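Q: If it helps, the file is called target-v6.pdb and holds PDB, C-alpha atoms, pLDDT in the B column:
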ATOM      1  CA  MET A   2     -18.978   1.937  36.369  1.00 66.00           C
ATOM      2  CA  LYS A   3     -18.058   5.424  35.171  1.00 69.00           C
ATOM      3  CA  THR A   4     -14.385   4.517  35.398  1.00 77.00           C
ATOM      4  CA  ILE A   5     -14.934   1.473  33.183  1.00 71.00           C
ATOM      5  CA  LYS A   6     -16.845   3.548  30.608  1.00 74.00           C
ATOM      6  CA  ALA A   7     -14.135   6.200  30.651  1.00 74.00           C
ATOM      7  CA  GLY A   8     -11.510   3.507  30.170  1.00 77.00           C
ATOM      8  CA  PHE A   9     -13.398   2.108  27.189  1.00 78.00           C
ATOM      9  CA  ALA A  10     -13.782   5.592  25.755  1.00 81.00           C
ATOM     10  CA  ARG A  11     -10.037   6.227  26.070  1.00 85.00           C
ATOM     11  CA  SER A  12      -9.283   2.858  24.513  1.00 88.00           C
ATOM     12  CA  ALA A  13     -11.683   3.532  21.670  1.00 88.00           C
ATOM     13  CA  GLY A  14     -10.065   6.920  21.112  1.00 88.00           C
ATOM     14  CA  LYS A  15      -6.603   5.380  21.060  1.00 92.00           C
ATOM     15  CA  LEU A  16      -7.817   2.711  18.643  1.00 92.00           C
ATOM     16  CA  ALA A  17      -9.297   5.353  16.344  1.00 93.00           C
ATOM     17  CA  ILE A  18      -6.005   7.265  16.370  1.00 94.00           C
ATOM     18  CA  ALA A  19      -4.048   4.086  15.659  1.00 95.00           C
ATOM     19  CA  LEU A  20      -6.370   3.180  12.785  1.00 96.00           C
ATOM     20  CA  GLU A  21      -6.053   6.661  11.313  1.00 96.00           C
ATOM     21  CA  ALA A  22      -2.263   6.483  11.620  1.00 97.00           C
ATOM     22  CA  GLY A  23      -2.307   3.127   9.846  1.00 96.00           C
ATOM     23  CA  ASN A  24      -4.512   4.544   7.119  1.00 97.00           C
ATOM     24  CA  LEU A  25      -2.166   7.497   6.640  1.00 97.00           C
ATOM     25  CA  ALA A  26       0.826   5.152   6.449  1.00 98.00           C
ATOM     26  CA  PHE A  27      -0.981   3.055   3.844  1.00 98.00           C
ATOM     27  CA  GLU A  28      -1.786   6.170   1.805  1.00 98.00           C
ATOM     28  CA  ALA A  29       1.842   7.299   2.048  1.00 98.00           C
ATOM     29  CA  GLY A  30       2.898   3.900   0.737  1.00 97.00           C
ATOM     30  CA  ASN A  31       0.472   4.208  -2.163  1.00 98.00           C
ATOM     31  CA  LEU A  32       1.784   7.666  -2.964  1.00 98.00           C
ATOM     32  CA  ALA A  33       5.378   6.430  -2.879  1.00 98.00           C
ATOM     33  CA  LEU A  34       4.458   3.619  -5.252  1.00 98.00           C
ATOM     34  CA  GLU A  35       2.794   6.049  -7.659  1.00 98.00           C
ATOM     35  CA  VAL A  36       5.865   8.299  -7.566  1.00 98.00           C
ATOM     36  CA  ALA A  37       8.072   5.296  -8.341  1.00 98.00           C
ATOM     37  CA  ILE A  38       5.848   4.334 -11.279  1.00 98.00           C
ATOM     38  CA  LEU A  39       5.925   7.890 -12.625  1.00 98.00           C
ATOM     39  CA  ALA A  40       9.717   7.963 -12.263  1.00 98.00           C
ATOM     40  CA  GLN A  41       9.952   4.698 -14.181  1.00 98.00           C
ATOM     41  CA  LEU A  42       7.739   6.084 -16.955  1.00 98.00           C
ATOM     42  CA  PHE A  43       9.847   9.252 -17.103  1.00 98.00           C
ATOM     43  CA  LEU A  44      13.066   7.229 -17.383  1.00 98.00           C
ATOM     44  CA  GLU A  45      11.521   5.122 -20.145  1.00 98.00           C
ATOM     45  CA  ALA A  46      10.564   8.322 -22.008  1.00 97.00           C
ATOM     46  CA  VAL A  47      14.132   9.623 -21.640  1.00 96.00           C
ATOM     47  CA  ARG A  48      15.507   6.303 -22.888  1.00 95.00           C
ATOM     48  CA  LEU A  49      13.255   6.386 -25.938  1.00 93.00           C
ATOM     49  CA  ALA A  50      14.146  10.023 -26.654  1.00 92.00           C
ATOM     50  CA  LEU A  51      17.852   9.232 -26.451  1.00 91.00           C
ATOM     51  CA  GLU A  52      17.424   6.177 -28.633  1.00 90.00           C
ATOM     52  CA  PHE A  53      15.631   8.302 -31.215  1.00 89.00           C
ATOM     53  CA  ALA A  54      18.249  11.082 -30.959  1.00 87.00           C
ATOM     54  CA  VAL A  55      21.259   8.851 -31.631  1.00 87.00           C
ATOM     55  CA  ARG A  56      19.840   7.282 -34.758  1.00 81.00           C
ATOM     56  CA  THR A  57      21.381   8.483 -37.986  1.00 63.00           C
ATOM     57  CA  PRO A  58      19.110  10.158 -40.553  1.00 68.00           C
ATOM     58  CA  CYS A  59      19.333   7.113 -42.834  1.00 69.00           C
ATOM     59  CA  ASP A  60      18.036   4.892 -40.015  1.00 61.00           C
ATOM     60  CA  ARG A  61      14.783   6.850 -39.713  1.00 56.00           C
TER
END
Transcribe the structure of this file into structure tokens.
A:
Amino acid sequence: MKTIKAGFARSAGKLAIALEAGNLAFEAGNLALEVAILAQLFLEAVRLALEFAVRTPCDR
């Protein structure tokens, strides 16, 4: 009986580690998505700044 309980305990521990690893992977994916969104916003800001910079004074 003790062997069965120990086996369940090991399995539960492995499951907890696997769930935590999955959670960390999910969080890493979220972080990567946020970085991509910030990069897109930065590139849009650069595009707008360049568009503003190349206009002639009479266009403003």
Q: Quick one: what's the axis-aligned box for region 18-31 of chain A, all listed atoms, 4 Å on every side, centre and edges in Å to one decimal, as JSON?
A:
{"center_x": -1.7, "center_y": 5.3, "center_z": 7.1, "size_x": 17.3, "size_y": 12.4, "size_z": 26.5}
Q: So what do you get for CA of Leu20 (chain A) versus CA of Leu32 (chain A), distance-wise?
A: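 Here the two named atoms are 18.3 Å from each other.
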Q: I'd like the interatomic distance between CA of Arg56 (chain A) and CA of Ile38 (chain A), to a tenth of an Å.
A: 27.5 Å
Q: Only C-alpha atoms needed: put region 4-59 of chain A from the block into a file as a compact mmCIF listing (two decimals), in the first residue's frame.
A:
# COMPACT_ATOMS: atom_id res chain seq x y z
CA THR A 4 4.38 1.68 -2.59
CA ILE A 5 1.11 2.65 -4.30
CA LYS A 6 0.87 5.87 -2.26
CA ALA A 7 4.49 6.71 -3.04
CA GLY A 8 3.82 6.08 -6.72
CA PHE A 9 0.83 8.40 -6.64
CA ALA A 10 2.86 11.02 -4.82
CA ARG A 11 5.62 10.83 -7.45
CA SER A 12 3.05 11.02 -10.23
CA ALA A 13 1.38 14.00 -8.61
CA GLY A 14 4.75 15.70 -8.25
CA LYS A 15 5.58 15.06 -11.89
CA LEU A 16 2.16 16.37 -12.91
CA ALA A 17 2.68 19.53 -10.85
CA ILE A 18 6.06 20.09 -12.50
CA ALA A 19 4.57 19.52 -15.95
CA LEU A 20 1.73 21.94 -15.24
CA GLU A 21 4.16 24.57 -14.00
CA ALA A 22 6.32 24.09 -17.10
CA GLY A 23 3.24 24.51 -19.27
CA ASN A 24 2.28 27.65 -17.38
CA LEU A 25 5.77 29.09 -17.83
CA ALA A 26 5.66 28.30 -21.56
CA PHE A 27 2.28 30.02 -21.83
CA GLU A 28 3.63 33.09 -20.01
CA ALA A 29 6.67 33.14 -22.30
CA GLY A 30 4.32 33.08 -25.28
CA ASN A 31 2.34 35.98 -23.84
CA LEU A 32 5.52 37.94 -23.26
CA ALA A 33 6.70 37.28 -26.81
CA LEU A 34 3.35 38.50 -28.13
CA GLU A 35 3.57 41.68 -26.06
CA VAL A 36 7.10 42.31 -27.34
CA ALA A 37 5.88 41.85 -30.92
CA ILE A 38 3.03 44.31 -30.32
CA LEU A 39 5.42 46.86 -28.82
CA ALA A 40 7.78 46.42 -31.77
CA GLN A 41 4.89 47.00 -34.16
CA LEU A 42 3.89 50.17 -32.29
CA PHE A 43 7.50 51.39 -32.36
CA LEU A 44 7.75 50.79 -36.11
CA GLU A 45 4.47 52.65 -36.64
CA ALA A 46 5.84 55.58 -34.61
CA VAL A 47 9.01 55.59 -36.73
CA ARG A 48 6.93 55.49 -39.91
CA LEU A 49 4.83 58.43 -38.77
CA ALA A 50 7.93 60.40 -37.73
CA LEU A 51 9.54 59.79 -41.11
CA GLU A 52 6.35 60.72 -42.91
CA PHE A 53 6.21 63.96 -40.95
CA ALA A 54 9.93 64.65 -41.53
CA VAL A 55 9.79 64.35 -45.33
CA ARG A 56 6.90 66.73 -45.76
CA THR A 57 7.81 70.12 -47.15
CA PRO A 58 7.06 73.20 -45.03
CA CYS A 59 4.23 74.20 -47.37
